[in-house]
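Peer 1: Please find target.txt (compact mmCIF, C-alpha atoms and all ligand atoms) on the next line:
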```txt
# COMPACT_ATOMS: atom_id res chain seq x y z
CA LEU A 1 -38.29 -73.43 56.20
CA GLU A 2 -41.40 -71.38 56.79
CA PHE A 3 -45.03 -72.41 56.75
CA THR A 4 -46.66 -70.57 53.87
CA GLU A 5 -50.04 -68.97 53.35
CA GLU A 6 -50.73 -71.63 50.70
CA GLN A 7 -50.05 -74.40 53.20
CA GLU A 8 -52.32 -72.79 55.77
CA ALA A 9 -55.04 -72.48 53.12
CA LEU A 10 -54.74 -76.17 52.19
CA VAL A 11 -55.24 -77.21 55.81
CA VAL A 12 -58.09 -74.79 56.53
CA LYS A 13 -59.89 -75.54 53.27
CA SER A 14 -59.82 -79.31 53.75
CA TRP A 15 -60.84 -79.05 57.40
CA ASN A 16 -63.82 -76.82 56.51
CA SER A 17 -64.94 -79.43 54.03
CA MET A 18 -64.41 -82.38 56.40
CA LYS A 19 -65.93 -81.09 59.61
CA LYS A 20 -69.52 -81.61 58.45
CA ASN A 21 -68.86 -85.33 58.81
CA ALA A 22 -67.15 -85.06 62.17
CA ALA A 23 -68.74 -88.15 63.73
CA GLU A 24 -67.82 -90.51 60.92
CA LEU A 25 -64.41 -88.92 60.61
CA GLY A 26 -63.64 -89.37 64.29
CA LEU A 27 -64.56 -93.04 64.25
CA LYS A 28 -62.50 -93.71 61.11
CA PHE A 29 -59.52 -91.93 62.65
CA PHE A 30 -59.66 -94.05 65.80
CA LEU A 31 -60.19 -97.29 63.85
CA LYS A 32 -57.16 -96.55 61.65
CA ILE A 33 -54.95 -96.03 64.69
CA PHE A 34 -56.15 -99.28 66.30
CA GLU A 35 -55.80 -101.22 63.04
CA ILE A 36 -52.08 -100.42 63.03
CA ALA A 37 -51.54 -100.40 66.79
CA PRO A 38 -54.29 -102.48 68.49
CA SER A 39 -52.65 -102.09 71.90
CA ALA A 40 -53.15 -98.31 71.77
CA GLN A 41 -56.83 -98.90 72.51
CA LYS A 42 -55.91 -99.77 76.11
CA LEU A 43 -54.45 -96.28 76.63
CA PHE A 44 -57.85 -94.60 76.47
CA SER A 45 -59.69 -94.79 79.80
CA PHE A 46 -63.04 -93.97 78.22
CA LEU A 47 -62.68 -97.03 75.95
CA ARG A 48 -61.31 -99.33 78.66
CA GLU A 49 -64.13 -98.47 81.03
CA SER A 50 -66.89 -98.56 78.45
CA SER A 51 -69.51 -101.26 78.00
CA VAL A 52 -70.79 -99.96 74.64
CA PRO A 53 -69.18 -100.71 71.26
CA LEU A 54 -66.48 -98.31 70.05
CA HIS A 55 -68.70 -96.54 67.52
CA GLN A 56 -71.31 -95.75 70.20
CA ASN A 57 -68.86 -94.26 72.66
CA PRO A 58 -69.94 -90.66 73.32
CA LYS A 59 -66.39 -89.46 74.01
CA LEU A 60 -64.94 -90.75 70.80
CA LYS A 61 -66.01 -87.96 68.48
CA PRO A 62 -65.04 -84.98 70.68
CA HIS A 63 -61.67 -86.55 71.45
CA ALA A 64 -60.84 -87.34 67.86
CA MET A 65 -62.01 -83.87 66.77
CA SER A 66 -59.66 -82.17 69.21
CA VAL A 67 -56.71 -83.64 67.31
CA PHE A 68 -58.04 -82.31 63.98
CA VAL A 69 -58.93 -78.89 65.41
CA MET A 70 -55.63 -78.44 67.25
CA THR A 71 -53.61 -79.47 64.19
CA CYS A 72 -55.60 -77.05 62.03
CA GLU A 73 -55.07 -74.27 64.60
CA SER A 74 -51.36 -75.06 64.62
CA ALA A 75 -51.23 -74.50 60.86
CA VAL A 76 -52.71 -71.03 61.38
CA GLN A 77 -50.26 -70.26 64.19
CA LEU A 78 -47.29 -71.53 62.18
CA ARG A 79 -48.12 -69.20 59.32
CA LYS A 80 -48.80 -66.21 61.59
CA ALA A 81 -46.09 -66.61 64.22
CA GLY A 82 -43.73 -69.19 62.72
CA LYS A 83 -44.38 -71.49 65.68
CA VAL A 84 -47.11 -73.29 67.58
CA THR A 85 -48.62 -70.93 70.15
CA VAL A 86 -51.00 -73.13 72.14
CA ARG A 87 -51.71 -71.59 75.54
CA GLU A 88 -49.02 -72.50 78.07
CA SER A 89 -51.54 -74.02 80.50
CA THR A 90 -53.17 -76.09 77.74
CA LEU A 91 -49.80 -77.39 76.59
CA LYS A 92 -48.76 -78.32 80.14
CA LYS A 93 -52.03 -80.21 80.61
CA LEU A 94 -51.64 -82.01 77.27
CA GLY A 95 -48.04 -82.93 78.06
CA ALA A 96 -48.97 -84.24 81.50
CA VAL A 97 -51.97 -86.27 80.26
CA HIS A 98 -50.06 -87.94 77.43
CA PHE A 99 -47.15 -88.69 79.73
CA LYS A 100 -49.43 -90.14 82.39
CA TYR A 101 -51.29 -92.42 79.95
CA GLY A 102 -48.02 -93.80 78.55
CA VAL A 103 -48.07 -92.33 75.04
CA VAL A 104 -44.68 -92.87 73.31
CA ASP A 105 -43.03 -91.74 70.03
CA GLU A 106 -44.42 -94.69 68.04
CA HIS A 107 -47.97 -93.69 69.00
CA PHE A 108 -47.39 -90.20 67.63
CA GLU A 109 -46.08 -91.70 64.37
CA VAL A 110 -49.00 -94.09 63.94
CA THR A 111 -51.43 -91.28 64.75
CA LYS A 112 -49.82 -89.03 62.15
CA TYR A 113 -50.18 -91.73 59.51
CA ALA A 114 -53.81 -92.37 60.53
CA LEU A 115 -54.61 -88.65 60.50
CA LEU A 116 -53.25 -88.21 56.97
CA GLU A 117 -55.04 -91.35 55.70
CA THR A 118 -58.31 -90.19 57.24
CA ILE A 119 -58.03 -86.81 55.51
CA LYS A 120 -57.12 -88.44 52.20
CA ASP A 121 -60.24 -90.65 52.42
CA ALA A 122 -62.45 -87.75 53.50
CA VAL A 123 -61.49 -85.30 50.72
CA PRO A 124 -60.02 -87.41 47.91
CA GLU A 125 -60.81 -84.73 45.30
CA MET A 126 -58.69 -82.15 47.20
CA TRP A 127 -55.89 -84.46 48.26
CA SER A 128 -52.35 -83.71 47.04
CA VAL A 129 -48.74 -84.11 48.15
CA GLU A 130 -48.80 -80.44 49.15
CA MET A 131 -51.87 -80.97 51.32
CA LYS A 132 -50.30 -84.03 52.92
CA ASN A 133 -47.12 -82.10 53.73
CA ALA A 134 -49.03 -79.11 55.10
CA TRP A 135 -51.05 -81.25 57.56
CA GLY A 136 -47.95 -83.32 58.33
CA GLU A 137 -45.85 -80.27 59.19
CA ALA A 138 -48.56 -78.72 61.35
CA TYR A 139 -48.97 -82.05 63.20
CA ASP A 140 -45.19 -82.43 63.70
CA HIS A 141 -44.86 -78.95 65.21
CA LEU A 142 -47.82 -79.51 67.52
CA VAL A 143 -46.40 -82.85 68.65
CA SER A 144 -42.98 -81.40 69.41
CA ALA A 145 -44.66 -78.69 71.51
CA ILE A 146 -46.59 -81.38 73.43
CA LYS A 147 -43.46 -83.51 73.87
CA THR A 148 -41.54 -80.66 75.53
CA GLU A 149 -44.18 -80.82 78.30
CA MET A 150 -44.27 -84.62 78.59
CA LYS A 151 -42.79 -85.11 81.99
CA PRO A 152 -44.11 -86.12 85.39
CA THR A 153 -45.95 -83.41 87.34
CA SER A 154 -44.22 -82.82 90.66
C1 LIG B 201 -55.97 -87.14 75.76
C2 LIG B 201 -55.03 -84.20 72.03
C3 LIG B 201 -51.79 -87.41 70.39
C4 LIG B 201 -53.58 -90.66 73.46
C5 LIG B 201 -55.97 -86.06 74.91
C6 LIG B 201 -56.73 -84.84 75.12
C7 LIG B 201 -56.47 -84.03 74.06
C8 LIG B 201 -55.56 -84.72 73.19
C9 LIG B 201 -57.02 -82.62 73.85
C10 LIG B 201 -57.64 -84.56 76.33
C11 LIG B 201 -56.75 -84.01 77.43
C12 LIG B 201 -57.54 -83.68 78.68
O1 LIG B 201 -58.02 -84.62 79.33
O2 LIG B 201 -57.64 -82.49 78.97
C13 LIG B 201 -54.00 -84.79 71.32
C14 LIG B 201 -53.27 -84.15 70.24
C15 LIG B 201 -52.35 -85.05 69.80
C16 LIG B 201 -52.51 -86.25 70.57
C17 LIG B 201 -53.54 -82.72 69.77
C18 LIG B 201 -51.33 -84.92 68.70
C19 LIG B 201 -51.10 -83.83 68.02
C20 LIG B 201 -52.04 -88.60 71.04
C21 LIG B 201 -51.46 -89.86 70.69
C22 LIG B 201 -51.99 -90.79 71.54
C23 LIG B 201 -52.89 -90.10 72.43
C24 LIG B 201 -50.44 -90.10 69.60
C25 LIG B 201 -51.78 -92.30 71.57
C26 LIG B 201 -52.07 -93.04 70.52
C27 LIG B 201 -54.30 -89.96 74.40
C28 LIG B 201 -54.83 -90.56 75.62
C29 LIG B 201 -55.51 -89.55 76.30
C30 LIG B 201 -55.39 -88.35 75.47
C31 LIG B 201 -54.66 -92.01 76.05
C32 LIG B 201 -56.26 -89.67 77.61
C33 LIG B 201 -57.63 -90.17 77.29
C34 LIG B 201 -58.41 -90.52 78.53
O3 LIG B 201 -58.94 -89.59 79.17
O4 LIG B 201 -58.48 -91.71 78.82
N1 LIG B 201 -55.28 -85.95 73.73
N2 LIG B 201 -53.52 -86.05 71.49
N3 LIG B 201 -52.90 -88.78 72.09
N4 LIG B 201 -54.66 -88.65 74.35
FE1 LIG B 201 -54.10 -87.37 72.90
C1 LIG B 202 -55.29 -88.61 70.62
N1 LIG B 202 -55.54 -88.00 71.76
C2 LIG B 202 -56.78 -87.92 72.15
C3 LIG B 202 -57.81 -88.38 71.39
C4 LIG B 202 -57.56 -88.98 70.20
C5 LIG B 202 -58.56 -89.46 69.38
C6 LIG B 202 -58.29 -90.06 68.19
C7 LIG B 202 -57.02 -90.20 67.82
C8 LIG B 202 -56.00 -89.73 68.60
C9 LIG B 202 -56.28 -89.11 69.80
```
As structure tokens, what does this structure read like?
Ligand code: HEM
Ligand code: ISQ
Peer 2:
Amino acid sequence: LEFTEEQEALVVKSWNSMKKNAAELGLKFFLKIFEIAPSAQKLFSFLRESSVPLHQNPKLKPHAMSVFVMTCESAVQLRKAGKVTVRESTLKKLGAVHFKYGVVDEHFEVTKYALLETIKDAVPEMWSVEMKNAWGEAYDHLVSAIKTEMKPTS
């Protein structure tokens, strides 16, 4: 099953419309994850070690945005190359970090759900089953690429 130009367009179009509100979007994304899986909050060192409330944490927005940006980039790569083509070194780093911090399959599932809900709330007028599936597929491919590198560094 290939990733179509239409699917790529749905992802890119919605991201272009959402990114103006990056700060709000990032906070909502995090809050949705922690609403479903409160214990996931403990995984993030910059939240554990912080004395300011969640919404004032300076690392929150850039971190949350990296998930949106990388998923959007994966949609482009899937259409162009039929697979996720994140740089080898980036993928190794991502795999190692997520392994080290104890991220498991359930976290990836909750995060997928939260990502899709956040997009739905951000661009309700654009939202459709096709858009949901396009973002979902791009996310799934990115996650399986990260998972292949989730092992201890020797
Ligand atoms: C760190 C992206 C899924 C938890 C990171 C970093 C990136 C990233 C870019 C920073 C890595 C670095 O330090 O260089 C992604 C992407 C994901 C994903 C693209 C899925 C497509 C998840 C999930 C969880 C998670 C499902 C758990 C709910 C973490 C944690 C860190 C991290 C705990 C380390 C944060 C710290 O420095 O304390 N992720 N992530 N990630 N991610 Fe993810
Ligand atoms: C996963 N990895 C890093 C940062 C994140 C921010 C929000 C939601 C998920 C994340």
Peer 1: Find the distance between atom CA of Thr90 of chain A and atom C12 of ligand LIG 201 (chain B) and write it in Å to one decimal.
Peer 2: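 Atom-to-atom, atom CA of Thr90 of chain A to atom C12 of ligand LIG 201 (chain B), that is 8.8 Å.
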Peer 1: I'd like the neighbourhood of Glu130 of chain A as an NGL selection string, where a residue qualifies if any of its atoms comes within 9 Å (using all atoms listed in the file), though same-chain residues fewer than 5 positions away should be ignored.
Peer 2: :A and (7 or 10 or 135)
Peer 1: Name each residue within 7 Å of ligand LIG 202 (chain B), counting all atoms listed in the file, as an mmCIF file with C-alpha atoms, in the coordinates of the input.
Peer 2:
```cif
data_model
loop_
_atom_site.group_PDB
_atom_site.id
_atom_site.type_symbol
_atom_site.label_atom_id
_atom_site.label_comp_id
_atom_site.auth_asym_id
_atom_site.auth_seq_id
_atom_site.Cartn_x
_atom_site.Cartn_y
_atom_site.Cartn_z
ATOM 1 C CA GLY A 26 -63.640 -89.370 64.290
ATOM 2 C CA PHE A 29 -59.520 -91.930 62.650
ATOM 3 C CA PHE A 30 -59.660 -94.050 65.800
ATOM 4 C CA ILE A 33 -54.950 -96.030 64.690
ATOM 5 C CA LEU A 60 -64.940 -90.750 70.800
ATOM 6 C CA HIS A 63 -61.670 -86.550 71.450
ATOM 7 C CA ALA A 64 -60.840 -87.340 67.860
ATOM 8 C CA SER A 66 -59.660 -82.170 69.210
ATOM 9 C CA VAL A 67 -56.710 -83.640 67.310
ATOM 10 C CA THR A 111 -51.430 -91.280 64.750
#
```
Peer 1: Which is closer to His98 of chain A than all the others in A:Ala75, A:Leu43, A:Leu116, A:Leu142, using all atoms listed in the file?
Peer 2: A:Leu43
Peer 1: Set the cut-off to 8 Å, count all atoms listed in the file, and list whatever residues fall near ligand LIG 201 (chain B) as a ChimeraX atom specification.
Peer 2: /A:33,40-47,63-64,66-71,90,93-94,97-98,101-112,139-140,142-143,146
Peer 1: Quote the spacing between atom CA of Lys32 of chain A and atom CA of Glu117 of chain A in Å to one decimal place.
Peer 2: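 Computing the Euclidean distance for atom CA of Lys32 of chain A and atom CA of Glu117 of chain A yields 8.2 Å.
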Peer 1: For Pro62 of chain A, which residue out of A:Val84, A:Val76, A:Ile36, A:Leu25 is the nearest one, using only C-alpha atoms?
Peer 2: A:Leu25
Peer 1: Nearest to Ala122 of chain A among A:Cys72, A:Trp15, A:Glu88, A:Arg48, with distances taken over only C-alpha atoms: which residue is it?
Peer 2: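 Of all the options, A:Trp15 lies closest to Ala122 of chain A.
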Peer 1: With distances taken over all atoms listed in the file, which residue among A:Arg79, A:Lys20, A:Lys151, A:Lys28 lies nearest Lys100 of chain A?
Peer 2: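 That would be A:Lys151, the residue with the smallest distance to Lys100 of chain A.
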Peer 1: To one decimal place, how far is atom CA of Lys132 of chain A from atom CA of Thr4 of chain A in Å?
Peer 2: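 Separation of atom CA of Lys132 of chain A and atom CA of Thr4 of chain A: 14.0 Å.
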Peer 1: Extending 3 Å beyond the listed atoms of segment 55-72 of chain A on each side, what axis-aligned box results? I want centre and edge lengths in Å to one decimal, as JSON.
Peer 2:
```
{"center_x": -62.5, "center_y": -86.8, "center_z": 68.0, "size_x": 23.7, "size_y": 25.5, "size_z": 18.0}
```
Peer 1: Which is closest to Pro124 of chain A among A:Met18, A:Gln56, A:Lys83, A:Ser89, if we use only C-alpha atoms?
Peer 2: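 Closest candidate: A:Met18.
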Peer 1: Compare A:Leu27, A:Lys120, A:Glu35, A:Thr148 by their minimum atom-to-atom distance to Asn133 of chain A, counting only C-alpha atoms, and give me the closest one.
Peer 2: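 Of all the options, A:Lys120 lies closest to Asn133 of chain A.
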Peer 1: Near Val123 of chain A, counting only C-alpha atoms, which residues have an atom at most 8 Å away, once you skip same-chain residues fewer than 2 positions from it, shown as a ChimeraX atom specification?
Peer 2: /A:14,17-18,119-121,125-127
